[in-house]
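Asks: Structure file model-v4.csv, CSV, C-alpha atoms, is pasted below:
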```
chain,number,residue,atom,x,y,z
A,1349,MET,CA,162.6,110.4,-85.7
A,1350,ALA,CA,159.9,107.7,-86.4
A,1351,ASN,CA,160.3,106.4,-82.8
A,1352,LEU,CA,159.7,109.9,-81.4
A,1353,SER,CA,156.6,110.3,-83.6
A,1354,ASN,CA,155.4,106.9,-82.4
A,1355,LEU,CA,156.0,107.8,-78.7
A,1356,CYS,CA,154.1,111.1,-79.2
A,1357,ALA,CA,151.2,109.3,-80.9
A,1358,ASP,CA,151.1,106.7,-78.1
A,1359,ASN,CA,151.1,109.4,-75.5
A,1360,LEU,CA,148.4,111.4,-77.3
A,1361,ALA,CA,146.3,108.2,-77.6
A,1362,PHE,CA,146.6,107.5,-73.9
A,1363,LEU,CA,145.7,111.1,-73.1
A,1364,LEU,CA,142.6,111.0,-75.3
A,1365,VAL,CA,141.5,107.7,-73.7
A,1366,PHE,CA,142.2,109.2,-70.2
A,1367,VAL,CA,140.1,112.3,-71.0
A,1368,LEU,CA,137.3,110.2,-72.3
A,1369,ILE,CA,137.3,108.0,-69.2
A,1370,ALA,CA,137.7,111.0,-66.9
A,1371,THR,CA,134.6,112.6,-68.4
A,1372,LEU,CA,132.6,109.4,-67.6
A,1373,VAL,CA,133.8,109.2,-64.0
A,1374,PRO,CA,131.5,110.8,-61.5
A,1375,VAL,CA,132.8,114.2,-60.2
A,1376,ASP,CA,132.8,112.7,-56.7
A,1377,GLY,CA,135.8,110.6,-57.7
A,1378,SER,CA,134.4,107.2,-56.8
A,1379,SER,CA,136.9,105.3,-58.9
A,1380,GLU,CA,140.2,104.2,-57.4
A,1381,ARG,CA,142.2,104.7,-60.6
A,1382,THR,CA,140.7,108.0,-61.7
A,1383,LYS,CA,139.4,111.0,-59.9
A,1384,THR,CA,137.8,114.3,-61.2
A,1385,VAL,CA,137.2,117.1,-58.8
A,1386,GLU,CA,135.9,120.7,-59.0
A,1387,PHE,CA,137.8,123.6,-57.6
A,1388,ASN,CA,137.6,127.4,-57.7
A,1389,VAL,CA,140.3,129.4,-59.5
A,1390,LYS,CA,140.5,132.6,-57.6
A,1391,PRO,CA,141.7,136.0,-59.0
A,1392,GLY,CA,143.4,138.7,-56.9
A,1393,GLY,CA,147.1,138.1,-57.7
A,1394,VAL,CA,147.6,135.7,-54.7
A,1395,VAL,CA,149.4,132.4,-55.3
A,1396,HIS,CA,147.1,129.4,-54.8
A,1397,THR,CA,147.7,125.7,-55.0
A,1398,PHE,CA,145.2,122.9,-55.6
A,1399,SER,CA,146.2,119.3,-55.5
A,1400,GLU,CA,144.9,115.8,-55.9
A,1401,ARG,CA,146.5,112.4,-55.3
A,1402,ILE,CA,146.0,108.8,-56.2
A,1403,GLY,CA,148.1,106.5,-54.1
A,1404,GLU,CA,151.6,107.8,-53.9
A,1405,PHE,CA,151.2,110.1,-57.0
A,1406,GLU,CA,150.1,113.7,-56.8
A,1407,CYS,CA,149.3,116.5,-59.1
A,1408,ALA,CA,149.7,120.0,-57.7
A,1409,PHE,CA,148.5,123.1,-59.7
A,1410,THR,CA,149.9,126.4,-58.5
A,1411,TYR,CA,148.8,129.7,-60.0
A,1412,ALA,CA,148.1,133.4,-59.6
A,1413,SER,CA,145.5,135.2,-61.7
A,1414,GLN,CA,143.9,138.7,-62.0
A,1415,GLY,CA,140.5,140.0,-63.1
A,1416,GLY,CA,137.0,138.8,-63.0
A,1417,THR,CA,135.6,136.6,-60.3
A,1418,ASN,CA,136.1,132.9,-59.2
A,1419,GLU,CA,135.8,130.4,-62.0
A,1420,GLN,CA,134.9,126.7,-61.6
A,1421,TRP,CA,137.7,124.4,-63.0
A,1422,LEU,CA,138.2,120.7,-62.9
A,1423,MET,CA,141.2,118.5,-62.1
A,1424,SER,CA,141.4,114.9,-63.3
A,1425,VAL,CA,144.1,112.6,-62.2
A,1426,GLY,CA,144.5,109.0,-63.3
A,1427,LEU,CA,146.7,106.0,-62.9
A,1428,SER,CA,147.0,103.4,-65.8
A,1429,ASP,CA,146.1,99.8,-65.1
A,1430,ASP,CA,149.7,98.8,-65.1
A,1431,ASP,CA,150.7,101.7,-62.7
A,1432,ARG,CA,153.3,103.0,-65.3
A,1433,LEU,CA,151.6,106.2,-66.2
A,1434,PHE,CA,150.1,108.9,-64.0
A,1435,SER,CA,148.1,111.7,-65.7
A,1436,CYS,CA,146.8,115.1,-64.7
A,1437,SER,CA,144.5,117.5,-66.5
A,1438,VAL,CA,143.4,120.9,-65.2
A,1439,TRP,CA,140.8,122.8,-67.2
A,1440,ARG,CA,137.9,125.2,-67.4
A,1441,PRO,CA,135.0,123.2,-68.7
A,1442,GLN,CA,133.3,126.3,-70.2
A,1443,GLY,CA,136.1,126.7,-72.6
A,1444,LYS,CA,138.0,130.0,-72.3
A,1445,SER,CA,139.1,131.5,-69.0
A,1446,TYR,CA,138.5,135.2,-68.6
A,1447,LEU,CA,141.1,135.5,-65.9
A,1448,PHE,CA,144.6,136.7,-66.7
A,1449,PHE,CA,147.2,134.3,-65.3
A,1450,THR,CA,150.4,135.9,-64.0
A,1451,GLN,CA,151.9,132.5,-63.4
A,1452,PHE,CA,151.2,128.8,-63.4
A,1453,LYS,CA,152.9,125.5,-62.5
A,1454,ALA,CA,151.7,121.9,-62.5
A,1455,GLU,CA,153.9,119.4,-60.6
A,1456,LEU,CA,153.5,115.7,-60.9
A,1457,LYS,CA,155.0,114.2,-57.8
A,1458,GLY,CA,156.5,110.7,-58.1
A,1459,THR,CA,156.7,110.7,-61.9
A,1460,LYS,CA,158.9,111.9,-64.8
A,1461,ILE,CA,156.8,113.9,-67.3
A,1462,GLU,CA,156.7,112.3,-70.7
A,1463,TYR,CA,154.1,114.5,-72.4
A,1464,ALA,CA,152.6,117.9,-71.5
A,1465,ASN,CA,150.7,120.7,-73.2
A,1466,ALA,CA,149.0,123.9,-72.2
A,1467,TYR,CA,146.1,125.6,-73.9
A,1468,SER,CA,144.6,129.1,-74.1
A,1469,GLN,CA,141.2,127.7,-75.0
A,1470,THR,CA,139.5,124.4,-74.2
A,1471,ALA,CA,137.3,122.5,-76.6
A,1472,ALA,CA,133.7,123.5,-75.6
A,1473,GLY,CA,130.6,124.7,-77.4
A,1474,GLY,CA,131.9,123.7,-80.8
A,1475,GLN,CA,135.3,125.4,-80.3
A,1476,SER,CA,138.6,123.5,-80.5
A,1477,ASP,CA,141.5,123.4,-78.1
A,1478,VAL,CA,144.0,126.2,-78.8
A,1479,PRO,CA,147.5,125.3,-77.6
A,1480,LEU,CA,149.8,127.8,-76.2
A,1481,LYS,CA,152.9,128.6,-78.3
A,1482,PRO,CA,155.8,126.3,-77.3
A,1483,GLU,CA,157.8,129.2,-76.0
A,1484,GLU,CA,155.1,130.2,-73.5
A,1485,PHE,CA,155.7,127.3,-71.2
A,1486,THR,CA,158.5,125.0,-70.1
A,1487,VAL,CA,158.3,121.2,-69.5
A,1488,GLY,CA,160.8,119.9,-66.9
A,1489,ASP,CA,161.3,116.5,-65.4
A,1490,SER,CA,158.3,116.8,-63.0
A,1491,THR,CA,156.9,120.3,-63.8
A,1492,VAL,CA,155.1,122.3,-66.5
A,1493,THR,CA,155.4,126.0,-65.9
A,1494,HIS,CA,154.9,129.4,-67.6
A,1495,THR,CA,157.9,131.0,-69.2
A,1496,ASP,CA,158.6,134.4,-67.7
A,1497,GLY,CA,158.3,137.2,-70.3
A,1498,LYS,CA,156.8,134.9,-73.0
A,1499,PHE,CA,153.6,133.6,-71.4
A,1500,ASN,CA,150.6,135.7,-72.7
A,1501,ALA,CA,148.5,135.3,-69.5
A,1502,GLN,CA,145.9,133.1,-71.2
A,1503,LEU,CA,145.4,129.6,-69.7
A,1504,SER,CA,142.3,127.4,-69.9
A,1505,LYS,CA,143.7,123.8,-69.8
A,1506,LEU,CA,146.9,122.0,-68.9
A,1507,THR,CA,147.6,118.3,-69.4
A,1508,ALA,CA,150.6,116.2,-68.3
A,1509,ILE,CA,151.4,112.5,-68.4
A,1510,GLY,CA,154.2,111.2,-66.3
A,1511,GLN,CA,156.0,107.8,-66.3
A,1512,THR,CA,156.1,106.4,-62.8
A,1513,ARG,CA,159.3,104.9,-61.4
A,1514,HIS,CA,157.7,101.5,-61.4
A,1515,ASP,CA,160.3,98.7,-61.3
A,1516,GLU,CA,159.8,95.3,-62.9
A,1517,LEU,CA,160.5,92.3,-60.7
```
If you convert what's in this file into structure tokens, what do you get?
Replies:
Amino acid sequence: MANLSNLCADNLAFLLVFVLIATLVPVDGSSERTKTVEFNVKPGGVVHTFSERIGEFECAFTYASQGGTNEQWLMSVGLSDDDRLFSCSVWRPQGKSYLFFTQFKAELKGTKIEYANAYSQTAAGGQSDVPLKPEEFTVGDSTVTHTDGKFNAQLSKLTAIGQTRHDEL
């Protein structure tokens, strides 16, 4: 159990460092190891996908939402210095999304997910991150997706860290 706690702590530490670095990287994505880009989350119930890639690794965010108007969101992807971890964060920088999500899925291509979490509210304006209940989403080998019948339609942030299939020589 202590090893699992240490692994979770290590992953969380990496995530915090990645988010800090990602917020310092220009939105135009000028770094080769990290990239942060803006995109519109569109309501209307239609399924949309937005993706970004660094090298051979890709994060694809697929969703459908209802209500309101377009919202500006950010996606950050990053590759660790040793090429062993690929991370993806998708979030609404203003904090809470006013859209109702009917579905969501994040897929990390070329990795196996080691850590993931989803949030109904993002830390902004003095507010804290509010995680979804564990039963609201499912973490697979390469995907994080809503759980049918249990997801409460609120999503403002999703993070995932995957271990690459990097082989030692």
Asks: Quote the spacing between CA of Arg1513 in chain A and CA of Tyr1463 in chain A in Å to one decimal place.
Replies: 15.5 Å
Asks: Closest to Leu1433 in chain A among A:Thr1450, A:Thr1382, A:Thr1470, A:Gln1414, using all atoms listed in the file?
Replies: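 Nearest to Leu1433 in chain A: A:Thr1382.
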Asks: Which residue out of A:Leu1422, A:Gln1442, A:Ser1413, A:Ser1476 has the minimum interatomic distance to Gly1393 in chain A when all atoms listed in the file are used?
Replies: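 Nearest to Gly1393 in chain A: A:Ser1413.
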Asks: Nearest to Ala1454 in chain A: which of A:Cys1436, A:Val1389, A:Val1425, A:Val1478 is it, counting only C-alpha atoms?
Replies: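 Distance minimum relative to Ala1454 in chain A lands on A:Cys1436.
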Asks: Between A:Phe1405, A:Phe1485, A:Trp1439, A:Phe1452, which is the closest to Ile1509 in chain A once you count only C-alpha atoms?
Replies: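 Looking only at the distances to Ile1509 in chain A, the closest residue turns out to be A:Phe1405.
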Asks: CA of Leu1427 in chain A and CA of Ile1402 in chain A, how far apart in Å?
Replies: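 Going from CA of Ile1402 in chain A over to CA of Leu1427 in chain A covers 7.3 Å.
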Asks: Excluding same-chain residues fewer than 4 positions from Cys1407 in chain A, what lies within 7 Å of it counting all atoms listed in the file, as a PyMOL selection string?
Replies: chain A and resi 1399-1401+1436+1454-1457
Asks: Under the rule that only C-alpha atoms are counted, which of A:Gly1474, A:Gly1392, A:Gly1458, A:Gly1403 is the nearest residue to Ser1490 in chain A?
Replies: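 Going through A:Gly1474, A:Gly1392, A:Gly1458, A:Gly1403 one by one, the smallest distance to Ser1490 in chain A is for A:Gly1458.
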Asks: For CA of Thr1495 in chain A and CA of Ala1466 in chain A, quote the distance in Å rounded to one decimal.
Replies: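 Answer for the CA of Thr1495 in chain A to CA of Ala1466 in chain A separation: 11.8 Å.
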Asks: Select, from A:Leu1447, A:Ala1408, A:Val1385, A:Val1492, the residue with the minimum atom-to-atom distance to Ser1468 in chain A, counting only C-alpha atoms.
Replies: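 Closest residue, counting only C-alpha atoms: A:Leu1447.
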